[in-house]
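Colleague: The file below is data-v6.cif, mmCIF, C-alpha atoms:
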data_query
loop_
_atom_site.group_PDB
_atom_site.id
_atom_site.type_symbol
_atom_site.label_atom_id
_atom_site.label_comp_id
_atom_site.auth_asym_id
_atom_site.auth_seq_id
_atom_site.Cartn_x
_atom_site.Cartn_y
_atom_site.Cartn_z
ATOM 1 C CA MET V 23 -16.061 16.127 -4.021
ATOM 2 C CA ASP V 24 -17.601 14.524 -7.127
ATOM 3 C CA VAL V 25 -16.827 10.816 -6.991
ATOM 4 C CA ASN V 26 -18.022 10.404 -10.581
ATOM 5 C CA ARG V 27 -15.335 12.825 -11.774
ATOM 6 C CA VAL V 28 -12.772 10.847 -9.816
ATOM 7 C CA ARG V 29 -13.862 7.560 -11.353
ATOM 8 C CA SER V 30 -13.867 9.074 -14.818
ATOM 9 C CA GLU V 31 -10.350 10.470 -14.352
ATOM 10 C CA LEU V 32 -9.077 7.072 -13.219
ATOM 11 C CA ALA V 33 -10.948 4.907 -15.742
ATOM 12 C CA GLY V 34 -7.888 4.212 -17.881
ATOM 13 C CA VAL V 35 -5.716 3.365 -14.886
ATOM 14 C CA GLU V 36 -8.446 1.070 -13.576
ATOM 15 C CA LYS V 37 -8.664 -0.822 -16.855
ATOM 16 C CA GLY V 38 -4.902 -1.354 -16.972
ATOM 17 C CA TYR V 39 -4.905 -2.551 -13.374
ATOM 18 C CA THR V 40 -7.825 -4.919 -13.998
ATOM 19 C CA ASP V 41 -6.153 -6.436 -17.052
ATOM 20 C CA PHE V 42 -2.920 -6.993 -15.118
ATOM 21 C CA ILE V 43 -4.599 -8.623 -12.120
ATOM 22 C CA LYS V 44 -6.711 -10.902 -14.317
ATOM 23 C CA SER V 45 -3.650 -12.264 -16.087
ATOM 24 C CA TYR V 46 -1.226 -12.311 -13.152
ATOM 25 C CA PHE V 47 -3.425 -13.711 -10.374
ATOM 26 C CA GLU V 48 -5.910 -15.754 -12.370
ATOM 27 C CA ASN V 49 -5.121 -18.979 -10.476
ATOM 28 C CA TRP V 50 -4.696 -17.483 -7.012
ATOM 29 C CA GLU V 51 -6.887 -20.179 -5.405
ATOM 30 C CA VAL V 52 -4.331 -22.840 -6.324
ATOM 31 C CA TRP V 53 -1.803 -20.919 -4.248
ATOM 32 C CA GLY V 54 -4.321 -20.214 -1.481
ATOM 33 C CA ASN V 55 -4.958 -23.918 -0.980
ATOM 34 C CA ALA V 56 -1.278 -24.860 -1.324
ATOM 35 C CA SER V 57 -0.294 -22.240 1.258
ATOM 36 C CA GLU V 58 -2.209 -24.148 3.928
ATOM 37 C CA ARG V 59 -0.090 -27.194 3.143
ATOM 38 C CA VAL V 60 3.063 -25.070 3.444
ATOM 39 C CA TYR V 61 1.812 -23.810 6.804
ATOM 40 C CA GLN V 62 1.264 -27.391 7.958
ATOM 41 C CA GLY V 63 4.869 -28.225 7.075
ATOM 42 C CA GLU V 64 4.239 -30.202 3.894
ATOM 43 C CA ASP V 65 6.814 -30.124 1.104
ATOM 44 C CA VAL V 66 5.180 -28.051 -1.657
ATOM 45 C CA SER V 67 7.217 -27.528 -4.827
ATOM 46 C CA GLU V 68 7.188 -24.508 -7.125
ATOM 47 C CA SER V 69 5.833 -26.654 -9.951
ATOM 48 C CA GLU V 70 2.561 -27.010 -8.029
ATOM 49 C CA ILE V 71 1.737 -23.301 -7.862
ATOM 50 C CA PRO V 72 1.592 -20.366 -10.322
ATOM 51 C CA LYS V 73 4.882 -18.531 -10.885
ATOM 52 C CA ALA V 74 3.383 -15.323 -9.487
ATOM 53 C CA PHE V 75 3.525 -16.862 -5.998
ATOM 54 C CA HIS V 76 6.953 -18.504 -6.036
ATOM 55 C CA THR V 77 8.659 -15.747 -4.044
ATOM 56 C CA GLU V 78 5.771 -15.595 -1.582
ATOM 57 C CA MET V 79 6.080 -19.327 -0.949
ATOM 58 C CA LYS V 80 9.837 -19.007 -0.404
ATOM 59 C CA MET V 81 9.156 -16.219 2.085
ATOM 60 C CA MET V 82 6.610 -18.382 3.911
ATOM 61 C CA LYS V 83 9.046 -21.267 4.204
ATOM 62 C CA MET V 84 11.806 -18.964 5.412
ATOM 63 C CA ILE V 85 9.561 -17.418 8.086
ATOM 64 C CA LEU V 86 8.428 -20.824 9.328
ATOM 65 C CA LYS V 87 12.010 -22.078 9.432
ATOM 66 C CA MET V 88 13.233 -19.058 11.399
ATOM 67 C CA GLU V 89 10.295 -19.248 13.797
ATOM 68 C CA ALA V 90 11.024 -22.921 14.426
ATOM 69 C CA ALA V 91 14.669 -22.079 15.123
ATOM 70 C CA GLY V 92 13.827 -19.339 17.582
ATOM 71 C CA GLU V 93 12.746 -15.996 16.184
ATOM 72 C CA PHE V 94 12.199 -14.133 12.928
ATOM 73 C CA ASP V 95 14.852 -11.459 12.364
ATOM 74 C CA TRP V 96 14.220 -8.628 9.917
ATOM 75 C CA ASN V 97 17.964 -7.858 9.832
ATOM 76 C CA ASN V 98 18.972 -11.364 8.792
ATOM 77 C CA PRO V 99 20.804 -11.099 5.404
ATOM 78 C CA GLY V 100 18.658 -13.881 3.955
ATOM 79 C CA VAL V 101 15.491 -12.092 5.014
ATOM 80 C CA ARG V 102 16.656 -8.795 3.549
ATOM 81 C CA LYS V 103 17.576 -10.491 0.275
ATOM 82 C CA MET V 104 14.219 -12.272 0.069
ATOM 83 C CA PHE V 105 12.190 -9.128 0.710
ATOM 84 C CA SER V 106 14.324 -7.251 -1.815
ATOM 85 C CA GLU V 107 13.447 -9.930 -4.360
ATOM 86 C CA PHE V 108 9.774 -9.594 -3.488
ATOM 87 C CA SER V 109 9.876 -5.785 -3.764
ATOM 88 C CA GLN V 110 11.179 -6.121 -7.332
ATOM 89 C CA SER V 111 8.534 -8.629 -8.412
ATOM 90 C CA PRO V 112 6.277 -7.645 -11.337
ATOM 91 C CA PHE V 113 3.194 -7.251 -9.145
ATOM 92 C CA TYR V 114 4.826 -5.313 -6.330
ATOM 93 C CA THR V 115 6.386 -2.927 -8.850
ATOM 94 C CA PHE V 116 3.138 -2.525 -10.788
ATOM 95 C CA PHE V 117 1.149 -2.050 -7.592
ATOM 96 C CA GLY V 118 3.466 0.745 -6.457
ATOM 97 C CA ASP V 119 3.283 2.408 -9.860
ATOM 98 C CA THR V 120 -0.509 2.282 -9.708
ATOM 99 C CA VAL V 121 -0.766 3.754 -6.208
ATOM 100 C CA VAL V 122 1.481 6.649 -7.242
ATOM 101 C CA GLU V 123 -0.339 7.220 -10.543
ATOM 102 C CA ILE V 124 -3.706 7.368 -8.777
ATOM 103 C CA ALA V 125 -2.450 9.792 -6.127
ATOM 104 C CA PHE V 126 -0.828 12.069 -8.702
ATOM 105 C CA ARG V 127 -3.922 12.179 -10.906
ATOM 106 C CA LEU V 128 -6.122 12.965 -7.918
ATOM 107 C CA ALA V 129 -3.728 15.711 -6.819
ATOM 108 C CA LYS V 130 -4.167 17.353 -10.218
ATOM 109 C CA LEU V 131 -7.930 16.830 -10.164
ATOM 110 C CA VAL V 132 -8.501 18.448 -6.761
ATOM 111 C CA GLY V 133 -5.765 21.073 -7.084
ATOM 112 C CA ALA V 134 -3.815 19.682 -4.140
ATOM 113 C CA GLY V 135 -2.024 22.088 -1.838
ATOM 114 C CA SER V 136 0.314 19.302 -0.749
ATOM 115 C CA MET V 137 0.793 15.554 -0.661
ATOM 116 C CA ILE V 138 1.811 13.115 2.049
ATOM 117 C CA GLU V 139 3.293 9.655 1.696
ATOM 118 C CA ILE V 140 2.824 7.406 4.715
ATOM 119 C CA GLY V 141 5.318 4.599 5.174
ATOM 120 C CA ALA V 142 7.868 6.175 2.841
ATOM 121 C CA GLY V 143 10.746 4.051 4.163
ATOM 122 C CA SER V 144 13.711 4.093 1.785
ATOM 123 C CA GLY V 145 11.904 6.259 -0.753
ATOM 124 C CA ASN V 146 10.893 3.764 -3.454
ATOM 125 C CA LEU V 147 7.419 5.217 -4.028
ATOM 126 C CA THR V 148 8.731 8.720 -3.396
ATOM 127 C CA ARG V 149 11.086 8.457 -6.352
ATOM 128 C CA LYS V 150 8.243 7.210 -8.523
ATOM 129 C CA MET V 151 6.129 10.190 -7.464
ATOM 130 C CA VAL V 152 8.878 12.768 -8.027
ATOM 131 C CA ASN V 153 9.638 11.283 -11.458
ATOM 132 C CA LEU V 154 5.953 11.516 -12.342
ATOM 133 C CA MET V 155 5.856 15.136 -11.197
ATOM 134 C CA LYS V 156 8.906 15.929 -13.338
ATOM 135 C CA LYS V 157 7.485 14.131 -16.363
ATOM 136 C CA ASN V 158 4.291 16.182 -16.146
ATOM 137 C CA ASP V 159 5.997 19.399 -14.982
ATOM 138 C CA ASN V 160 3.475 19.523 -12.147
ATOM 139 C CA PHE V 161 4.894 19.663 -8.620
ATOM 140 C CA TYR V 162 3.279 19.473 -5.177
ATOM 141 C CA PRO V 163 4.953 19.930 -1.777
ATOM 142 C CA LEU V 164 5.619 16.402 -0.560
ATOM 143 C CA LEU V 165 5.838 15.225 3.050
ATOM 144 C CA LEU V 166 7.328 11.803 3.751
ATOM 145 C CA THR V 167 6.524 9.961 6.963
ATOM 146 C CA ASP V 168 7.482 6.640 8.491
ATOM 147 C CA ASN V 169 7.935 5.251 11.989
ATOM 148 C CA LYS V 170 11.578 4.436 11.222
ATOM 149 C CA PRO V 171 14.464 6.955 11.147
ATOM 150 C CA ILE V 172 15.479 5.905 7.616
ATOM 151 C CA VAL V 173 12.801 8.257 6.288
ATOM 152 C CA LEU V 174 14.780 11.248 7.545
ATOM 153 C CA GLU V 175 17.563 10.536 5.046
ATOM 154 C CA GLN V 176 15.359 10.586 1.990
ATOM 155 C CA PRO V 177 14.608 14.265 1.194
ATOM 156 C CA GLU V 178 18.265 15.224 0.762
ATOM 157 C CA ASN V 179 18.980 12.150 -1.355
ATOM 158 C CA ILE V 180 15.937 12.612 -3.579
ATOM 159 C CA MET V 181 16.400 16.367 -3.929
ATOM 160 C CA LYS V 182 19.970 15.791 -5.130
ATOM 161 C CA GLU V 183 18.780 13.203 -7.644
ATOM 162 C CA SER V 184 15.788 15.140 -8.955
ATOM 163 C CA GLY V 185 16.388 18.825 -8.380
ATOM 164 C CA PHE V 186 12.930 19.072 -6.786
ATOM 165 C CA GLU V 187 13.384 20.794 -3.427
ATOM 166 C CA ASN V 188 9.990 20.959 -1.730
ATOM 167 C CA ILE V 189 10.288 17.654 0.124
ATOM 168 C CA LYS V 190 10.328 17.168 3.871
ATOM 169 C CA SER V 191 10.343 14.080 6.081
ATOM 170 C CA VAL V 192 9.275 13.418 9.644
ATOM 171 C CA ILE V 193 8.984 10.368 11.859
ATOM 172 C CA TRP V 194 5.325 9.549 12.453
ATOM 173 C CA ASP V 195 3.911 6.435 14.023
ATOM 174 C CA ILE V 196 0.396 6.564 12.587
ATOM 175 C CA ALA V 197 -0.935 4.855 15.711
ATOM 176 C CA ASN V 198 -0.604 8.384 17.150
ATOM 177 C CA LYS V 199 -2.133 11.678 16.092
ATOM 178 C CA PRO V 200 -0.149 13.779 13.577
ATOM 179 C CA SER V 201 2.179 16.290 15.170
ATOM 180 C CA GLN V 202 2.056 20.033 14.707
ATOM 181 C CA ASP V 203 5.223 19.717 12.610
ATOM 182 C CA ILE V 204 3.271 17.574 10.156
ATOM 183 C CA LYS V 205 0.224 19.836 10.117
ATOM 184 C CA SER V 206 2.281 22.994 9.614
ATOM 185 C CA PHE V 207 3.866 21.628 6.413
ATOM 186 C CA LEU V 208 0.621 20.533 4.801
ATOM 187 C CA LYS V 209 -1.765 22.774 2.900
ATOM 188 C CA SER V 210 -5.290 21.677 1.951
ATOM 189 C CA PRO V 211 -6.502 19.912 0.010
ATOM 190 C CA VAL V 212 -4.074 17.151 1.014
ATOM 191 C CA VAL V 213 -3.728 13.959 -1.021
ATOM 192 C CA CYS V 214 -2.326 11.054 0.970
ATOM 193 C CA TYR V 215 -1.093 7.736 -0.384
ATOM 194 C CA GLU V 216 0.210 4.648 1.371
ATOM 195 C CA ARG V 217 1.040 1.034 0.655
ATOM 196 C CA TYR V 218 0.787 -1.734 3.273
ATOM 197 C CA THR V 219 0.952 0.551 6.322
ATOM 198 C CA VAL V 220 -2.550 -0.072 7.648
ATOM 199 C CA THR V 221 -1.790 -3.773 7.128
ATOM 200 C CA TYR V 222 0.957 -3.538 9.760
ATOM 201 C CA THR V 223 -1.047 -1.416 12.214
ATOM 202 C CA SER V 224 -4.854 -1.454 12.501
ATOM 203 C CA PRO V 225 -7.957 0.179 10.975
ATOM 204 C CA ALA V 226 -8.007 2.576 13.939
ATOM 205 C CA VAL V 227 -5.116 4.540 12.404
ATOM 206 C CA ILE V 228 -7.476 5.878 9.728
ATOM 207 C CA LYS V 229 -8.717 8.357 12.330
ATOM 208 C CA ASN V 230 -5.226 9.825 12.635
ATOM 209 C CA ILE V 231 -4.620 9.847 8.890
ATOM 210 C CA ALA V 232 -7.954 11.583 8.328
ATOM 211 C CA GLU V 233 -6.809 14.514 10.473
ATOM 212 C CA VAL V 234 -4.532 15.570 7.615
ATOM 213 C CA ALA V 235 -5.774 13.755 4.471
ATOM 214 C CA ASP V 236 -8.661 15.057 2.363
ATOM 215 C CA VAL V 237 -8.078 12.350 -0.239
ATOM 216 C CA LEU V 238 -6.726 8.941 0.765
ATOM 217 C CA VAL V 239 -5.330 6.281 -1.562
ATOM 218 C CA MET V 240 -5.125 3.055 0.454
ATOM 219 C CA GLY V 241 -2.961 0.233 -0.853
ATOM 220 C CA ASP V 242 -3.756 -2.505 1.657
ATOM 221 C CA TRP V 243 -5.122 -6.024 1.246
ATOM 222 C CA LEU V 244 -8.501 -6.057 2.967
ATOM 223 C CA CYS V 245 -10.533 -9.232 3.463
ATOM 224 C CA ASN V 246 -14.181 -9.306 2.410
ATOM 225 C CA THR V 247 -14.871 -12.791 3.822
ATOM 226 C CA ASP V 248 -13.968 -14.868 6.870
ATOM 227 C CA GLN V 249 -11.827 -17.176 4.744
ATOM 228 C CA VAL V 250 -8.325 -17.692 6.196
ATOM 229 C CA PHE V 251 -5.423 -19.171 4.202
ATOM 230 C CA GLY V 252 -2.069 -20.539 5.222
ATOM 231 C CA TYR V 253 -0.258 -17.410 4.060
ATOM 232 C CA ASP V 254 -2.470 -15.302 6.355
ATOM 233 C CA LYS V 255 -1.331 -17.380 9.324
ATOM 234 C CA VAL V 256 2.356 -17.244 8.413
ATOM 235 C CA PHE V 257 2.639 -13.550 7.560
ATOM 236 C CA SER V 258 0.769 -12.640 10.747
ATOM 237 C CA LYS V 259 3.883 -13.916 12.540
ATOM 238 C CA ILE V 260 5.848 -10.931 11.200
ATOM 239 C CA GLY V 261 3.154 -8.343 11.861
ATOM 240 C CA ALA V 262 1.094 -8.395 8.647
ATOM 241 C CA LYS V 263 -2.412 -8.397 10.035
ATOM 242 C CA ARG V 264 -5.422 -9.901 8.330
ATOM 243 C CA ILE V 265 -7.723 -6.883 8.190
ATOM 244 C CA LEU V 266 -11.421 -7.091 7.425
ATOM 245 C CA PHE V 267 -12.955 -4.457 5.193
ATOM 246 C CA SER V 268 -15.914 -4.258 7.595
ATOM 247 C CA ASP V 269 -13.535 -2.926 10.277
ATOM 248 C CA VAL V 270 -12.015 -0.410 7.870
ATOM 249 C CA LYS V 271 -15.491 0.652 6.738
ATOM 250 C CA ARG V 272 -16.459 1.657 10.270
ATOM 251 C CA GLU V 273 -13.497 4.019 10.382
ATOM 252 C CA LEU V 274 -14.017 5.422 6.896
ATOM 253 C CA ASP V 275 -17.686 6.103 7.623
ATOM 254 C CA ASN V 276 -16.649 8.451 10.420
ATOM 255 C CA PHE V 277 -14.266 10.592 8.381
ATOM 256 C CA TYR V 278 -14.861 10.276 4.640
ATOM 257 C CA SER V 279 -17.967 11.054 2.628
ATOM 258 C CA HIS V 280 -17.226 8.755 -0.292
ATOM 259 C CA TYR V 281 -15.040 5.714 -0.757
ATOM 260 C CA TYR V 282 -14.909 2.865 -3.198
ATOM 261 C CA PHE V 283 -12.926 -0.202 -4.212
ATOM 262 C CA PHE V 284 -10.766 0.959 -7.080
ATOM 263 C CA ASP V 285 -9.963 -2.644 -7.968
ATOM 264 C CA LYS V 286 -13.449 -4.171 -7.640
ATOM 265 C CA ALA V 287 -13.616 -5.205 -11.303
ATOM 266 C CA ALA V 288 -10.216 -6.885 -11.006
ATOM 267 C CA GLN V 289 -11.106 -8.820 -7.875
ATOM 268 C CA ASP V 290 -14.532 -9.802 -9.248
ATOM 269 C CA ALA V 291 -12.876 -11.129 -12.389
ATOM 270 C CA ILE V 292 -10.682 -13.559 -10.457
ATOM 271 C CA LYS V 293 -13.257 -14.190 -7.705
ATOM 272 C CA SER V 294 -10.893 -12.922 -5.024
ATOM 273 C CA PRO V 295 -12.067 -12.337 -1.426
ATOM 274 C CA TYR V 296 -9.756 -9.326 -1.149
ATOM 275 C CA THR V 297 -9.547 -5.747 -2.247
ATOM 276 C CA GLY V 298 -6.148 -4.134 -2.613
ATOM 277 C CA LEU V 299 -6.857 -0.510 -3.538
ATOM 278 C CA MET V 300 -9.359 1.904 -2.052
ATOM 279 C CA ILE V 301 -9.970 5.594 -2.593
ATOM 280 C CA ALA V 302 -11.583 7.731 0.102
ATOM 281 C CA LEU V 303 -12.737 11.316 -0.365
ATOM 282 C CA LYS V 304 -13.990 14.061 1.933
ATOM 283 C CA ASP V 305 -16.654 16.570 1.029
ATOM 284 C CA ASP V 306 -15.428 20.144 0.989
ATOM 285 C CA ARG V 307 -17.677 20.712 4.014
ATOM 286 C CA ARG V 308 -15.800 18.198 6.166
#
How does the structure come out when it is put into structure tokens?

Modeller:
Amino acid sequence: MDVNRVRSELAGVEKGYTDFIKSYFENWEVWGNASERVYQGEDVSESEIPKAFHTEMKMMKMILKMEAAGEFDWNNPGVRKMFSEFSQSPFYTFFGDTVVEIAFRLAKLVGAGSMIEIGAGSGNLTRKMVNLMKKNDNFYPLLLTDNKPIVLEQPENIMKESGFENIKSVIWDIANKPSQDIKSFLKSPVVCYERYTVTYTSPAVIKNIAEVADVLVMGDWLCNTDQVFGYDKVFSKIGAKRILFSDVKRELDNFYSHYYFFDKAAQDAIKSPYTGLMIALKDDRR
């Protein structure tokens, strides 16, 4: 697969993403340093950090408070409200839009036989993808997976909303190999996209994903340095692992011929130690 063609196809999306990140996260180090103070229990006010990180700080404080009281509970109404607020933030929304746009463009470029969304959950990204397919009058069979039963409800709901019928869902814990049910639905070449699923598992799951994905769009924050911030320590308490790119690279090297940081220009511009978007491609021979 010609990586230069891929990069050319995505050049406009990359520029838009870079411009957004540069303006939105320009002062991320202020938050990085303040997050250590939050972790240590200091009283940090919103006026001390950029607005882009206000919700993240509130989440940190809530997690620390619940941990101190006993245990973090995902079903707590306050937790659900806070994460709903975070999921509607400008960055989270833009990030999801970008992941979907990249996957859709690559599906067109490679002539995808099918697509798979890992970590589909309640169908937020799925709806974005189906709307994009409708807008472009270009449809691909779409398989939704998650390790939670909620994913099973989504095809019927989305098909009723959109009129697009070639959607299926299946429970898949990506720590395990894909089932025959998954493999029988998919037709090569398969374009896979995900957001923050490797973050909550481990780089080892790439082996299982690679069994079915010829093209992989990874939306996970990967660390390029050994630097650890307060937010890393707090969010690890709820399962969000701090994953090093070097560990991911070892897995990608085994299964994909080409991969690159889609957001390298963005992260270089703000001097960030992270990458948030990667694209991995197999040769036709693999």

Colleague: Care to translate the PyMOL selection byres ((chain V and resi 178) around 12) into actual residues of this file, as a PyMOL selection string?

Modeller: chain V and resi 145+166+172-177+179-191

Colleague: For CA of Val213 in chain V and CA of Val234 in chain V, determine how far apart the two atoms are, in Å to one decimal place.

Modeller: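 Answer for the CA of Val213 in chain V to CA of Val234 in chain V separation: 8.8 Å.
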
Colleague: Mind pulling up the distance from CA of Ala232 in chain V to CA of Ser201 in chain V?

Modeller: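 We find that CA of Ser201 in chain V and CA of Ala232 in chain V lie 13.1 Å from each other.
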
Colleague: Any idea what the distance is between CA of Phe161 in chain V and CA of Asp285 in chain V?

Modeller: 26.8 Å

Colleague: For Thr219 in chain V, list every protein, DNA or RNA residue within 9 Å, evaluated using only C-alpha atoms, and leave out those in the same chain fewer than 5 positions away; present the list as number ranges by chain.

Modeller: V: 140-141, 196, 224, 240-242

Colleague: Please write the residues picked by the PyMOL selection byres ((chain V and resi 124) around 9) on this file as a PyMOL selection string.

Modeller: chain V and resi 32+35+119-123+125-129+215+239+301

Colleague: Just so the selection is clear, what residues does the PyMOL selection byres ((chain V and resi 101-109) around 10) cover here, as a list in words?

Modeller: Phe75, His76, Thr77, Glu78, Lys80, Met81, Met84, Ile85, Met88, Phe94, Asp95, Trp96, Asn97, Asn98, Pro99, Gly100, Gln110, Ser111, Pro112, Phe113, Tyr114, Thr115, Gly118 and Asn146 of chain V

Colleague: I want to know what sits within 8 Å of range 265-278 of chain V, based on only C-alpha atoms, with residues of the same chain fewer than 4 positions away left out; could you give that as a short mmCIF file (atom, residue, chain, number, x, y, z; two decimals) with C-alpha atoms, keeping the file's coordinate frame?

Modeller:
data_model
loop_
_atom_site.label_atom_id
_atom_site.label_comp_id
_atom_site.auth_asym_id
_atom_site.auth_seq_id
_atom_site.Cartn_x
_atom_site.Cartn_y
_atom_site.Cartn_z
CA THR V 221 -1.79 -3.77 7.13
CA SER V 224 -4.85 -1.45 12.50
CA PRO V 225 -7.96 0.18 10.98
CA ALA V 226 -8.01 2.58 13.94
CA ILE V 228 -7.48 5.88 9.73
CA LYS V 229 -8.72 8.36 12.33
CA ALA V 232 -7.95 11.58 8.33
CA TRP V 243 -5.12 -6.02 1.25
CA LEU V 244 -8.50 -6.06 2.97
CA CYS V 245 -10.53 -9.23 3.46
CA ASN V 246 -14.18 -9.31 2.41
CA THR V 247 -14.87 -12.79 3.82
CA ALA V 302 -11.58 7.73 0.10
CA LEU V 303 -12.74 11.32 -0.36
CA LYS V 304 -13.99 14.06 1.93
CA ASP V 305 -16.65 16.57 1.03
#

Colleague: Quick one: axis-aligned box around all listed atoms of range 276-284 of chain V, 6 Å on every side, centre and edge lengths in Å to one decimal, written as JSON.

Modeller:
{"center_x": -14.4, "center_y": 5.4, "center_z": 1.7, "size_x": 19.2, "size_y": 23.3, "size_z": 29.5}

Colleague: Give me the residues near Trp50 in chain V as a list in words, where near means some atom within 10 Å (using only C-alpha atoms) and where sequence neighbours in that chain fewer than 4 positions away do not count.

Modeller: Tyr46, Gly54, Asn55, Ala56, Ile71, Pro72, Ala74, Phe75, Ile292, Lys293 and Ser294 of chain V

Colleague: Taking into account all atoms listed in the file, which residue in the set V:Thr223, V:Cys214, V:Gly298, V:Glu233 is nearest to Gly261 in chain V?

Modeller: V:Thr223

Colleague: Here is a test: counting all atoms listed in the file, which residue of V:Asp168, V:Glu58, V:Glu48, V:Glu93 is nearest to Lys73 in chain V?

Modeller: V:Glu48
